[in-house]
Each structure stands twice: as C-alpha cells, then as structure tokens.
$ cat work-v6.cif   # mmCIF, C-alpha atoms
data_coords
#
loop_
_atom_site.label_atom_id
_atom_site.label_comp_id
_atom_site.auth_asym_id
_atom_site.auth_seq_id
_atom_site.Cartn_x
_atom_site.Cartn_y
_atom_site.Cartn_z
CA MET A 1 7.01 6.95 -45.45
CA PHE A 2 8.27 4.92 -48.39
CA THR A 3 6.48 4.71 -51.72
CA SER A 4 5.88 0.97 -51.33
CA GLU A 5 4.20 1.50 -47.96
CA LYS A 6 2.07 4.30 -49.37
CA GLY A 7 1.01 2.07 -52.26
CA LEU A 8 0.09 -0.72 -49.85
CA VAL A 9 -2.19 1.61 -47.89
CA GLU A 10 -3.84 2.97 -51.05
CA GLU A 11 -4.50 -0.58 -52.25
CA TRP A 12 -6.08 -1.42 -48.90
CA LEU A 13 -8.34 1.63 -49.15
CA SER A 14 -9.56 0.81 -52.63
CA GLU A 15 -10.01 -2.92 -51.95
CA PHE A 16 -12.53 -2.44 -49.19
CA LYS A 17 -14.65 -0.04 -51.22
CA THR A 18 -15.23 -2.62 -53.95
CA LEU A 19 -15.69 -5.55 -51.57
CA PRO A 20 -19.14 -7.25 -51.65
CA GLU A 21 -20.85 -7.74 -48.31
CA THR A 22 -20.86 -11.53 -48.60
CA SER A 23 -17.05 -11.60 -48.74
CA LEU A 24 -16.65 -9.52 -45.56
CA PRO A 25 -15.99 -12.46 -43.12
CA ASN A 26 -13.23 -13.94 -45.31
CA TYR A 27 -11.69 -10.50 -45.82
CA ALA A 28 -11.67 -9.87 -42.05
CA THR A 29 -10.02 -13.23 -41.37
CA ASN A 30 -7.18 -12.60 -43.84
CA LEU A 31 -6.67 -9.00 -42.74
CA LYS A 32 -5.09 -9.77 -39.37
CA ASP A 33 -2.23 -11.67 -41.02
CA LYS A 34 -1.08 -8.66 -43.07
CA SER A 35 1.68 -7.41 -40.75
CA SER A 36 3.20 -5.15 -43.42
CA LEU A 37 -0.13 -3.34 -43.82
CA VAL A 38 -0.43 -2.84 -40.04
CA SER A 39 3.08 -1.38 -39.91
CA SER A 40 2.27 1.02 -42.76
CA LEU A 41 -0.94 2.15 -41.06
CA TYR A 42 0.99 2.95 -37.88
CA LYS A 43 3.30 5.20 -39.87
CA VAL A 44 0.33 7.00 -41.41
CA ILE A 45 -1.21 7.65 -37.98
CA GLN A 46 2.10 8.91 -36.59
CA GLU A 47 2.29 11.61 -39.31
CA PRO A 48 -0.49 14.14 -38.63
CA GLN A 49 0.24 15.97 -41.88
CA SER A 50 -0.09 12.86 -44.05
CA GLU A 51 -2.65 13.06 -46.83
CA LEU A 52 -3.64 9.46 -46.18
CA LEU A 53 -4.58 10.08 -42.53
CA GLU A 54 -8.15 11.18 -43.20
CA PRO A 55 -9.15 8.29 -45.52
CA VAL A 56 -7.45 5.81 -43.17
CA CYS A 57 -9.44 7.12 -40.17
CA HIS A 58 -12.64 6.98 -42.20
CA GLN A 59 -12.05 3.37 -43.22
CA LEU A 60 -11.15 2.34 -39.68
CA PHE A 61 -14.48 3.77 -38.55
CA GLU A 62 -16.26 1.82 -41.29
CA PHE A 63 -14.58 -1.31 -39.99
CA TYR A 64 -15.79 -0.59 -36.48
CA ARG A 65 -19.43 -0.06 -37.36
CA SER A 66 -19.58 -2.96 -39.85
CA GLY A 67 -20.62 -5.34 -37.08
CA GLU A 68 -17.87 -7.83 -37.97
CA GLU A 69 -16.02 -8.75 -34.77
CA GLN A 70 -12.59 -9.17 -36.36
CA LEU A 71 -12.83 -5.85 -38.19
CA LEU A 72 -13.78 -4.19 -34.91
CA ARG A 73 -10.68 -5.63 -33.23
CA PHE A 74 -8.56 -4.54 -36.19
CA THR A 75 -9.56 -0.94 -35.47
CA LEU A 76 -9.12 -1.30 -31.72
CA GLN A 77 -5.46 -2.28 -32.04
CA PHE A 78 -4.63 1.26 -33.22
CA LEU A 79 -6.47 2.92 -30.33
CA PRO A 80 -3.41 3.63 -28.09
CA GLU A 81 -1.57 5.28 -30.98
CA LEU A 82 -4.63 7.31 -31.94
CA ILE A 83 -5.01 8.55 -28.35
CA TRP A 84 -1.36 9.58 -28.22
CA CYS A 85 -1.57 11.42 -31.52
CA TYR A 86 -4.69 13.27 -30.41
CA LEU A 87 -3.21 14.29 -27.04
CA SER A 88 0.10 15.40 -28.52
CA VAL A 89 -1.62 17.47 -31.21
CA SER A 90 -4.17 19.00 -28.81
CA THR A 91 -1.37 19.98 -26.42
CA SER A 92 0.37 21.89 -29.20
CA ARG A 93 -2.99 23.60 -29.91
CA ASN A 94 -2.93 22.48 -33.55
CA VAL A 95 -6.55 21.38 -33.48
CA HIS A 96 -7.09 21.35 -37.25
CA SER A 97 -4.55 18.59 -37.88
CA SER A 98 -6.27 16.26 -35.38
CA GLY A 99 -9.83 16.66 -36.69
CA CYS A 100 -10.04 13.23 -38.36
CA ILE A 101 -8.54 11.45 -35.34
CA GLU A 102 -10.97 13.23 -33.02
CA ALA A 103 -13.88 12.22 -35.28
CA LEU A 104 -12.76 8.57 -35.21
CA LEU A 105 -12.45 8.55 -31.42
CA LEU A 106 -15.86 10.17 -31.00
CA GLY A 107 -17.41 7.72 -33.46
CA VAL A 108 -16.06 4.69 -31.58
CA TYR A 109 -17.21 6.19 -28.26
CA ASN A 110 -20.75 6.90 -29.45
CA LEU A 111 -21.06 3.39 -30.87
CA GLU A 112 -19.89 1.74 -27.64
CA ILE A 113 -22.19 3.58 -25.23
CA VAL A 114 -25.36 2.17 -26.86
CA ASP A 115 -26.54 -1.35 -27.61
CA LYS A 116 -27.84 -2.70 -30.90
CA GLN A 117 -31.30 -1.25 -30.24
CA GLY A 118 -29.87 2.19 -29.60
CA HIS A 119 -30.43 2.20 -25.83
CA SER A 120 -27.78 3.48 -23.46
CA LYS A 121 -25.57 0.81 -21.93
CA VAL A 122 -25.11 0.46 -18.19
CA LEU A 123 -22.08 -1.63 -17.38
CA SER A 124 -22.06 -3.40 -14.01
CA PHE A 125 -19.31 -5.18 -12.14
CA THR A 126 -19.75 -7.12 -8.91
CA ILE A 127 -16.74 -6.86 -6.63
CA PRO A 128 -15.77 -10.43 -5.73
CA SER A 129 -16.07 -11.44 -2.09
CA LEU A 130 -12.93 -12.52 -0.28
CA SER A 131 -14.93 -15.23 1.48
CA LYS A 132 -15.26 -17.17 -1.77
CA PRO A 133 -12.16 -18.82 -3.31
CA SER A 134 -10.84 -17.79 -6.71
CA VAL A 135 -7.71 -18.31 -8.81
CA TYR A 136 -6.17 -15.37 -6.97
CA HIS A 137 -6.74 -16.32 -3.32
CA GLU A 138 -8.09 -18.81 -0.81
CA PRO A 139 -10.24 -17.63 2.13
CA SER A 140 -8.35 -19.85 4.60
CA SER A 141 -5.11 -17.96 3.96
CA ILE A 142 -6.62 -14.59 4.88
CA GLY A 143 -7.54 -15.37 8.47
CA SER A 144 -10.13 -13.43 10.42
CA MET A 145 -10.97 -11.25 7.42
CA ALA A 146 -12.51 -14.27 5.67
CA LEU A 147 -14.98 -14.69 8.51
CA THR A 148 -16.04 -11.06 8.28
CA GLU A 149 -16.50 -11.24 4.51
CA SER A 150 -18.41 -14.51 4.87
CA ALA A 151 -20.81 -12.95 7.36
CA LEU A 152 -21.40 -10.02 5.03
CA SER A 153 -21.94 -12.23 1.99
CA GLN A 154 -24.63 -14.20 3.82
CA HIS A 155 -26.61 -10.99 4.24
CA GLY A 156 -26.36 -10.17 0.52
CA LEU A 157 -24.23 -7.08 0.98
CA SER A 158 -22.13 -7.61 -2.16
CA LYS A 159 -21.00 -4.37 -3.76
CA VAL A 160 -21.83 -3.70 -7.40
CA VAL A 161 -20.09 -0.95 -9.38
CA TYR A 162 -22.00 0.65 -12.25
CA SER A 163 -20.64 2.56 -15.23
CA GLY A 164 -23.10 4.55 -17.28
CA PRO A 165 -25.26 5.57 -18.86
CA HIS A 166 -22.77 7.73 -20.72
CA PRO A 167 -23.94 10.78 -22.67
CA GLN A 168 -23.26 11.10 -26.36
CA ARG A 169 -20.60 13.60 -27.36
CA GLU A 170 -20.41 15.70 -30.49
CA MET A 171 -16.94 17.10 -29.83
CA LEU A 172 -14.08 16.72 -27.39
CA THR A 173 -13.47 19.56 -24.96
CA ALA A 174 -11.19 20.06 -21.98
CA GLN A 175 -14.05 19.06 -19.67
CA ASN A 176 -15.07 15.77 -21.32
CA ARG A 177 -11.80 14.76 -22.97
CA PHE A 178 -10.60 12.26 -20.42
CA GLU A 179 -14.06 10.96 -19.73
CA VAL A 180 -14.21 9.85 -23.36
CA LEU A 181 -10.62 8.62 -23.52
CA THR A 182 -10.97 6.66 -20.29
CA PHE A 183 -14.03 4.87 -21.63
CA LEU A 184 -12.21 4.09 -24.88
CA LEU A 185 -9.31 2.55 -22.97
CA LEU A 186 -11.86 0.50 -21.05
CA CYS A 187 -13.14 -0.89 -24.36
CA TYR A 188 -9.57 -1.58 -25.47
CA ASN A 189 -8.77 -3.44 -22.25
CA ALA A 190 -11.86 -5.60 -22.72
CA ALA A 191 -10.28 -6.95 -25.93
CA LEU A 192 -6.69 -7.23 -24.69
CA THR A 193 -6.58 -10.96 -25.34
CA TYR A 194 -6.99 -10.37 -29.08
CA MET A 195 -4.48 -7.54 -29.40
CA PRO A 196 -1.23 -8.30 -31.28
CA SER A 197 2.22 -7.67 -29.83
CA VAL A 198 2.71 -4.48 -31.82
CA SER A 199 -0.40 -3.01 -30.17
CA LEU A 200 0.84 -3.91 -26.67
CA GLN A 201 4.19 -2.30 -27.49
CA SER A 202 2.42 0.83 -28.64
CA LEU A 203 0.37 0.92 -25.43
CA CYS A 204 3.46 0.74 -23.21
CA GLN A 205 5.29 3.39 -25.19
CA ILE A 206 2.46 5.91 -25.23
CA CYS A 207 1.88 5.42 -21.49
CA SER A 208 5.50 6.34 -20.82
CA ARG A 209 5.38 9.33 -23.13
CA ILE A 210 2.14 10.70 -21.71
CA CYS A 211 3.44 10.45 -18.13
CA VAL A 212 6.91 12.02 -18.56
CA CYS A 213 6.47 14.64 -21.30
CA GLY A 214 7.29 18.08 -19.90
CA TYR A 215 8.99 16.64 -16.79
CA PRO A 216 12.71 16.09 -16.02
CA ARG A 217 12.37 12.36 -16.66
CA GLN A 218 11.73 13.09 -20.35
CA HIS A 219 15.45 13.82 -20.75
CA VAL A 220 16.30 10.55 -19.00
CA ARG A 221 14.05 8.61 -21.39
CA LYS A 222 15.39 10.65 -24.34
CA TYR A 223 11.93 11.24 -25.75
CA LYS A 224 11.94 13.78 -28.55
CA GLY A 225 9.06 15.72 -29.98
CA ILE A 226 6.72 17.66 -27.75
CA SER A 227 8.03 19.03 -24.47
CA SER A 228 4.69 20.25 -23.06
CA ARG A 229 3.02 18.53 -20.14
CA ILE A 230 0.00 16.42 -21.03
CA PRO A 231 -2.74 16.52 -18.36
CA VAL A 232 -4.13 13.16 -17.29
CA SER A 233 -6.89 12.02 -14.97
CA SER A 234 -6.75 9.42 -12.23
CA GLY A 235 -9.20 7.06 -13.96
CA PHE A 236 -7.28 7.29 -17.23
CA MET A 237 -4.06 6.21 -15.49
CA VAL A 238 -5.82 3.25 -13.86
CA GLN A 239 -6.98 2.06 -17.28
CA MET A 240 -3.43 2.41 -18.58
CA LEU A 241 -2.23 0.21 -15.73
CA THR A 242 -4.73 -2.49 -16.66
CA GLY A 243 -3.21 -2.85 -20.12
CA ILE A 244 0.35 -2.66 -18.79
CA TYR A 245 -0.34 -5.41 -16.27
CA PHE A 246 -1.45 -7.63 -19.15
CA ALA A 247 1.65 -6.73 -21.18
CA PHE A 248 3.95 -7.86 -18.36
CA TYR A 249 2.98 -11.49 -18.81
CA ASN A 250 2.63 -11.51 -22.60
CA GLY A 251 6.11 -10.91 -23.93
CA GLU A 252 6.58 -7.17 -23.25
CA TRP A 253 8.29 -7.25 -19.86
CA ASP A 254 10.89 -4.51 -20.47
CA LEU A 255 8.50 -1.99 -22.00
CA ALA A 256 5.85 -2.69 -19.36
CA GLN A 257 8.40 -2.26 -16.56
CA LYS A 258 9.45 1.12 -17.93
CA ALA A 259 5.84 2.22 -18.35
CA LEU A 260 4.96 1.13 -14.80
CA ASP A 261 7.84 3.17 -13.34
CA ASP A 262 6.79 6.23 -15.35
CA ILE A 263 3.17 5.95 -14.20
CA ILE A 264 4.28 5.72 -10.56
CA TYR A 265 6.50 8.76 -11.16
CA ARG A 266 3.62 10.80 -12.59
CA ALA A 267 1.10 9.61 -9.99
CA GLN A 268 3.43 10.72 -7.20
CA LEU A 269 3.73 14.16 -8.78
CA GLU A 270 -0.04 14.45 -9.23
CA LEU A 271 -0.81 12.89 -5.81
CA TYR A 272 -3.33 10.49 -7.34
CA PRO A 273 -4.14 7.76 -4.75
CA GLU A 274 -5.90 5.30 -7.09
CA PRO A 275 -3.05 4.92 -9.64
CA LEU A 276 -0.51 4.74 -6.82
CA LEU A 277 -2.46 1.98 -5.10
CA VAL A 278 -2.89 -0.09 -8.28
CA ALA A 279 0.66 0.50 -9.54
CA ASN A 280 2.31 -0.41 -6.25
CA ALA A 281 0.11 -3.50 -5.97
CA ILE A 282 1.23 -4.60 -9.45
CA LYS A 283 4.85 -3.89 -8.63
CA ALA A 284 4.68 -5.88 -5.39
CA SER A 285 3.12 -8.88 -7.13
CA LEU A 286 5.69 -9.10 -9.93
CA PRO A 287 8.28 -11.90 -9.85
CA HIS A 288 11.89 -10.93 -9.35
CA GLY A 289 13.04 -12.03 -12.79
CA ALA A 290 11.68 -11.19 -16.22
CA MET A 291 8.97 -13.50 -17.49
CA LYS A 292 9.87 -15.39 -20.63
CA SER A 293 6.44 -15.60 -22.17
CA SER A 294 5.75 -16.63 -25.72
CA LYS A 295 4.37 -13.96 -27.99
CA GLU A 296 2.20 -16.46 -29.81
CA GLY A 297 -0.80 -18.45 -28.71
CA THR A 298 -3.33 -17.75 -26.02
CA ARG A 299 -2.63 -14.70 -23.91
CA CYS A 300 -3.46 -14.53 -20.24
CA ILE A 301 -2.24 -13.23 -16.91
CA GLN A 302 -0.30 -15.95 -15.12
CA VAL A 303 -1.14 -16.60 -11.46
CA GLU A 304 0.03 -19.21 -8.99
CA ILE A 305 -2.75 -21.47 -7.71
CA THR A 306 -2.14 -23.08 -4.34
CA PRO A 307 -2.91 -26.82 -4.26
CA THR A 308 -6.24 -27.75 -2.77
CA SER A 309 -6.08 -29.65 0.52
CA SER A 310 -8.47 -30.87 3.16
CA ARG A 311 -9.61 -27.99 5.35
CA ILE A 312 -9.78 -30.22 8.51
CA SER A 313 -6.99 -32.67 9.29
CA ARG A 314 -7.93 -36.28 9.91
CA ASN A 315 -6.02 -36.16 13.21
CA ALA A 316 -7.67 -32.94 14.34
CA VAL A 317 -9.07 -32.95 17.89
CA THR A 318 -12.84 -32.49 17.81
CA SER A 319 -15.63 -32.83 20.36
CA MET A 320 -16.57 -36.22 18.91
CA SER A 321 -13.03 -37.57 19.22
CA ILE A 322 -12.77 -36.38 22.84
CA ARG A 323 -16.14 -37.96 23.68
CA GLY A 324 -15.16 -41.24 22.02
CA HIS A 325 -11.86 -41.29 23.85
CA ARG A 326 -13.65 -40.83 27.20
CA TRP A 327 -16.07 -43.68 26.45
CA LYS A 328 -13.24 -45.98 25.47
CA ARG A 329 -11.43 -45.14 28.69
CA HIS A 330 -14.51 -46.05 30.77
CA GLU A 331 -15.03 -49.37 29.00
CA GLN A 332 -11.49 -50.73 29.06
CA PRO A 333 -11.04 -51.28 32.87
CA ASP A 334 -14.06 -53.62 33.00
CA ASN A 335 -12.01 -56.38 31.41
CA ASN A 336 -10.06 -57.71 34.44
CA ASN A 337 -8.41 -60.52 32.50
CA ASP A 338 -6.40 -58.25 30.16
CA THR A 339 -3.44 -57.20 32.25
CA THR A 340 -1.73 -55.39 29.36
CA GLU A 341 -4.55 -52.86 29.05
CA LEU A 342 -4.67 -52.35 32.81
CA GLY A 343 -1.13 -51.11 32.79
CA ILE A 344 -2.04 -48.30 30.40
CA LEU A 345 -4.75 -46.87 32.64
CA VAL A 346 -2.64 -46.26 35.74
CA ILE A 347 -3.77 -43.12 37.58
CA PRO A 348 -0.97 -40.98 39.05
CA GLU A 349 -0.66 -41.33 42.82
CA ILE A 350 -1.63 -38.38 44.98
CA SER A 351 0.74 -37.97 47.88
CA VAL A 352 -1.52 -35.77 50.04
CA THR A 353 -4.43 -38.21 50.49
CA ASN A 354 -4.96 -41.86 51.06
CA VAL A 355 -7.45 -44.00 49.19
CA ALA A 356 -10.30 -43.31 51.59
CA GLY A 357 -9.80 -39.57 51.22
CA GLU A 358 -8.63 -39.01 54.86
CA ARG A 359 -6.13 -36.27 55.62
CA THR A 360 -2.89 -37.46 57.16
CA GLY A 361 -2.17 -36.00 60.52
CA ASN A 362 0.82 -33.94 61.43
CA GLY A 363 2.35 -36.78 63.36
CA GLU A 364 1.91 -39.23 60.51
CA LYS A 365 4.08 -37.46 57.97
CA GLY A 366 6.53 -40.33 57.96
CA ARG A 367 3.78 -42.72 57.09
CA THR A 368 3.64 -42.65 53.33
CA LEU A 369 0.97 -43.80 50.95
CA GLY A 370 3.11 -46.76 49.99
CA GLU A 371 2.86 -48.19 53.53
CA ILE A 372 -0.93 -47.84 53.48
CA ASP A 373 -1.08 -49.63 50.13
CA ALA A 374 1.14 -52.40 51.49
CA GLN A 375 -1.18 -52.98 54.44
CA HIS A 376 -4.21 -52.97 52.16
CA ILE A 377 -2.59 -55.50 49.84
CA GLN A 378 -1.70 -57.74 52.81
CA GLY A 379 -5.29 -57.74 54.01
CA VAL A 380 -6.59 -58.65 50.61
CA GLN A 381 -4.12 -61.51 50.31
CA GLU A 382 -5.25 -62.97 53.67
CA THR A 383 -8.95 -62.98 52.83
CA HIS A 384 -8.57 -64.05 49.17
CA PRO A 385 -5.72 -66.50 48.68
CA VAL A 386 -4.81 -67.14 45.06
CA SER A 387 -2.37 -69.39 43.26
CA ASP A 388 -0.11 -66.53 42.05
CA PRO A 389 0.38 -64.02 44.86
CA ARG A 390 2.83 -61.97 42.74
CA THR A 391 0.21 -61.30 40.10
CA GLU A 392 -2.47 -60.58 42.66
CA SER A 393 -0.34 -58.13 44.64
CA LYS A 394 0.44 -56.13 41.51
CA GLY A 395 -2.86 -56.28 39.67
CA LEU A 396 -6.04 -56.66 41.72
CA PRO A 397 -5.35 -54.11 44.53
CA GLU A 398 -4.26 -51.55 41.99
CA ILE A 399 -7.45 -52.09 40.02
CA ARG A 400 -9.64 -51.69 43.07
CA ARG A 401 -7.77 -48.61 44.21
CA GLN A 402 -8.17 -47.08 40.72
CA LYS A 403 -11.89 -47.89 40.69
CA SER A 404 -12.42 -46.30 44.10
CA VAL A 405 -10.58 -43.15 43.08
CA ARG A 406 -12.47 -42.96 39.77
CA LYS A 407 -15.78 -43.56 41.62
CA MET A 408 -15.06 -40.64 43.92
CA MET A 409 -14.14 -38.41 40.97
CA GLU A 410 -17.30 -39.33 39.05
CA ASP A 411 -19.56 -38.81 42.09
CA GLY A 412 -18.08 -35.36 42.63
CA ILE A 413 -17.04 -36.01 46.26
CA ASN A 414 -14.34 -33.52 47.13
CA SER A 415 -12.44 -34.82 50.12
CA PRO A 416 -10.69 -32.25 52.34
CA GLY A 417 -7.26 -33.41 51.31
CA ARG A 418 -7.84 -33.77 47.52
CA VAL A 419 -5.92 -31.58 45.14
CA GLN A 420 -8.18 -29.89 42.59
CA PHE A 421 -6.86 -30.08 39.02
#

$ encode --input "work-v6.cif" --output "structure tokens"
Amino acid sequence: MFTSEKGLVEEWLSEFKTLPETSLPNYATNLKDKSSLVSSLYKVIQEPQSELLEPVCHQLFEFYRSGEEQLLRFTLQFLPELIWCYLSVSTSRNVHSSGCIEALLLGVYNLEIVDKQGHSKVLSFTIPSLSKPSVYHEPSSIGSMALTESALSQHGLSKVVYSGPHPQREMLTAQNRFEVLTFLLLCYNAALTYMPSVSLQSLCQICSRICVCGYPRQHVRKYKGISSRIPVSSGFMVQMLTGIYFAFYNGEWDLAQKALDDIIYRAQLELYPEPLLVANAIKASLPHGAMKSSKEGTRCIQVEITPTSSRISRNAVTSMSIRGHRWKRHEQPDNNNDTTELGILVIPEISVTNVAGERTGNGEKGRTLGEIDAQHIQGVQETHPVSDPRTESKGLPEIRRQKSVRKMMEDGINSPGRVQF
C-alpha cells in the first residue's frame, strides 16, 4: 500500500469523527464519488495484517448503524471482500487476524435481523403463480400447466416462503458461520441495484476463489494464496448465484461467466441440487453472445417481453358463430327471386335414394336419379307453364327438391335408403 493511499484513508477516518450530525446527508452524497478512497479501502481490507484494518472496520460499522441510507450502501459494497477475507483467514486458522472483520460482519447481521423497534424481522416472499402474467412469462405459452395453476390460485393455495426470525449471534462458529454469511449475502443482493461496478467485480472474483480453492481447477485459474478447501453451504451458493446473475447484464459478462462455471463445478463436486438447478437455469437462459451493457445509469436484469395480442382471434369458430351461420342458411332459401343465392345452397345429390326416399329396386339400377328428376321437371312444366322454361327447369324444381330434402332432415325421418352422415 502506497503512502498516498494510506494518507487518504487516515484523512477519511479523521474527517468523519469531527463531522457534525447536520452535515451527514451531504457527506454521504459526496462519499460515493470518491473512487480513489474506495480503491484504497479495498487494499486495506485485503491486507489482514494492516494497522488500518481495525479502525476501517469500526468506521464502516458506524456508517451502517448511522441510519443514513447512502452510508449503509457504502458499507455494503465491501461485503463480498469482507466475506472472502474472513473465510480465507478462518481456513488458515489464524483467527486473531480476522477479529475485526468478524466483529463487523456480526454487527451488520445483528442490525439487519431486527427492525427499528428492536423486534425480530420475519421476511416473507410469495412465490408468483404461473397462471398470472409477468415480465418473465405469459400463461398462454405454458399450455395445460397454466390451467392447473389457475385452478389452484382460485382456491387461495399460493405458497409463501418465510425467513426468520433469526437469532442474534455473539460470535461466529463452524455451526452458524454460513447461516450468518448467507443472510448477509441476502442483504447485499437486496441492494444490488446501488452497488458500483467495482463491487460486482469483487463479488464475481470471490465466488470463483471460494469455489475452486483446494481443487484442481485452482491451478487452471492460477489463483495464488491459500490452497485449502473452503467449505460452503447450498444456500450460500444460491445467494452467490443471485448476484452473479445480476452481474451478467450489468457490464461484468466475462467475470460472471467464469464465476458461474466455477459454481457449477463446485456444486457438482458437492452434489448440491439447489445450486445446480439455479446455475443451469441461468446458463440456459443466457444469450449466445456477450451482452454489451453500459456500466453507468440504471441497472437491471434485461428480459424479453413478448408483444401482447388478442387471446381469441376474430375469425375463431365459436358456438355463436355456428348458430348464426345456421340461422342465415335457413333464412336465405325463402327468397325465391334471388337466383344467385340459390346457387350457393345446392345440396349434394345422394345416389342411393330418390327424392321421396324410396329404395331403388334391383332391376332399376340403370334408372338413375337424373332420369327421375327429368320426369319430375317435365310434370311441373306441364302443370305450370311459364314464359322462360329454361329458367324454370333449372331453378324451381331444384328449389322444391332441396326444400323436400331439408324438410325430411329437419323432421328426423330416416328413410330406409338414406345414408347417415
């Protein structure tokens, strides 16, 4: 650590001690723009033997419990690096050099598990129903599953997941270590939108280091330092994946890709189903190419929203359209003067019956329906002479024959020779 960086940290420590309480909001607003100070603080945290580590941890805790939102986020951005330093030191069994980091982590944990009145918090999360649309899916694209989820949602069977109440901890042990660290990562992920790029980079790097240290992949990644395996829990890895998923779409594609591969590698070795499920789901949803996302401005996870469209087509066949079509078909033949519409409603001829529904005998096979129609037309022409016999022979007999057939069909009379459709 250079002398200039050390002087910058010492100035930061002394400035806050003499700061009046009324100037705290302005001080917090200007603090996030001091990138050189943030870089110097990272170097202090990465050196466990540094003499500035203890006062830095103490001041970060003062920031967190000050109640100022921006000071709280300023402390949260160092959380991934603090977790890595604590785990690496605890693995080497050098507990004394990590005492101030452990105290800071415990202080943040004990502040987060209670509300402003000092009561224990119980966090709840309602699992969204697939029957209701969101920016991630549409129920119509799921198929039969949407119907099942819709039926369940109508009965009020929505599932709610609860977290807490969490007990207060006075020290970190092997039994409660990852319970505390998992909850701290949960708090960090809740403020991911406000985290700077350097914090997201730190998150991806420490996730890779935690997952591969002590394994053959450590030599592939060329990570130096500790070579002991760091134990992890399934819930802790899921929280790591939450932050990595955010980093993918906010300018840290390469580091996030490497961290995702390392988490899958470690989850396969540990046989953890939850991290494997989440990691493979993230990997399957990623685009083929790297996302070119700006590192400035509002941060969010990008999703593709399908355009909204009418659920039922205007030309869809419904019971009302079928009923209306049947009524229209019954009304149109009544108009005998419109010969153009009569041509549309021609009923296909049935070769096995005549108009009266009589079965043709075996000896009358050569006598076709056309001959019977011709005789019927001739009889009509003799009894009803008209001025245009050509029009009458083609129009009126056909209409009467159609009406007689339709009348028989509507009355339900099944003649012996009728073909059932």

$ resolve_selection --input "work-v6.cif" --expression "the PyMOL selection byres ((chain A and resi 215) around 12)" --output "ChimeraX atom specification"
/A:208-214,216-223,226-231,262,265-266,269-270

$ write_last_selection --input "work-v6.cif" --atoms "C-alpha atoms" --output "PDB file, keeping the file's coordinate frame"
ATOM      1  CA  SER A 208       5.500   6.340 -20.820  1.00  0.00           C
ATOM      2  CA  ARG A 209       5.380   9.330 -23.130  1.00  0.00           C
ATOM      3  CA  ILE A 210       2.140  10.700 -21.710  1.00  0.00           C
ATOM      4  CA  CYS A 211       3.440  10.450 -18.130  1.00  0.00           C
ATOM      5  CA  VAL A 212       6.910  12.020 -18.560  1.00  0.00           C
ATOM      6  CA  CYS A 213       6.470  14.640 -21.300  1.00  0.00           C
ATOM      7  CA  GLY A 214       7.290  18.080 -19.900  1.00  0.00           C
ATOM      8  CA  PRO A 216      12.710  16.090 -16.020  1.00  0.00           C
ATOM      9  CA  ARG A 217      12.370  12.360 -16.660  1.00  0.00           C
ATOM     10  CA  GLN A 218      11.730  13.090 -20.350  1.00  0.00           C
ATOM     11  CA  HIS A 219      15.450  13.820 -20.750  1.00  0.00           C
ATOM     12  CA  VAL A 220      16.300  10.550 -19.000  1.00  0.00           C
ATOM     13  CA  ARG A 221      14.050   8.610 -21.390  1.00  0.00           C
ATOM     14  CA  LYS A 222      15.390  10.650 -24.340  1.00  0.00           C
ATOM     15  CA  TYR A 223      11.930  11.240 -25.750  1.00  0.00           C
ATOM     16  CA  ILE A 226       6.720  17.660 -27.750  1.00  0.00           C
ATOM     17  CA  SER A 227       8.030  19.030 -24.470  1.00  0.00           C
ATOM     18  CA  SER A 228       4.690  20.250 -23.060  1.00  0.00           C
ATOM     19  CA  ARG A 229       3.020  18.530 -20.140  1.00  0.00           C
ATOM     20  CA  ILE A 230       0.000  16.420 -21.030  1.00  0.00           C
ATOM     21  CA  PRO A 231      -2.740  16.520 -18.360  1.00  0.00           C
ATOM     22  CA  ASP A 262       6.790   6.230 -15.350  1.00  0.00           C
ATOM     23  CA  TYR A 265       6.500   8.760 -11.160  1.00  0.00           C
ATOM     24  CA  ARG A 266       3.620  10.800 -12.590  1.00  0.00           C
ATOM     25  CA  LEU A 269       3.730  14.160  -8.780  1.00  0.00           C
ATOM     26  CA  GLU A 270      -0.040  14.450  -9.230  1.00  0.00           C
TER      27      GLU A 270
END

$ atom_distance --input "work-v6.cif" --atom1 "atom CA of A:Gly118" --atom2 "atom CA of A:Gly164"
14.3 Å

$ residues_around --input "work-v6.cif" --residues "stretch 238-244 of chain A" --least-positions-apart "4" --cutoff "8 Å" --atoms "only C-alpha atoms" --output "number ranges by chain"
A: 182, 185-186, 189, 192, 200, 203-204, 207, 234, 248, 256, 259-260, 274-275, 278-279

$ closest_residue --input "work-v6.cif" --among "A:Lys258, A:Arg65, A:Lys32, A:Arg73" --to "A:Lys116" --atoms "all atoms listed in the file"
A:Arg65

$ closest_residue --input "work-v6.cif" --among "A:Ser39, A:Gln257, A:Gln59, A:Ser50" --to "A:Trp12" --atoms "all atoms listed in the file"
A:Gln59

$ atom_distance --input "work-v6.cif" --atom1 "atom CA of A:Val44" --atom2 "atom CA of A:Ser88"
15.4 Å

$ closest_residue --input "work-v6.cif" --among "A:Leu71, A:Ala284, A:Cys57, A:Leu79" --to "A:Cys187" --atoms "all atoms listed in the file"
A:Leu79

$ resolve_selection --input "work-v6.cif" --expression "the PyMOL selection byres ((chain A and resi 24) around 12)" --output "list in words"
Glu15, Phe16, Lys17, Thr18, Leu19, Pro20, Glu21, Thr22, Ser23, Pro25, Asn26, Tyr27, Ala28, Thr29, Asn30, Leu31, Phe63, Ser66, Gly67, Glu68, Glu69, Gln70 and Leu71 of chain A

$ closest_residue --input "work-v6.cif" --among "A:Ser40, A:Asp115, A:Ser35, A:Glu62" --to "A:Leu8" --atoms "all atoms listed in the file"
A:Ser40

$ atom_distance --input "work-v6.cif" --atom1 "atom CA of A:Asn250" --atom2 "atom CA of A:Gln268"
27.1 Å

$ resolve_selection --input "work-v6.cif" --expression "the PyMOL selection byres ((chain A and resi 183) around 12)" --output "number ranges by chain"
A: 79, 83, 105-106, 108-113, 123, 163-167, 176-182, 184-190, 235-240

$ closest_residue --input "work-v6.cif" --among "A:Phe246, A:Gly107, A:Ser14, A:Ile282" --to "A:Tyr194" --atoms "all atoms listed in the file"
A:Phe246
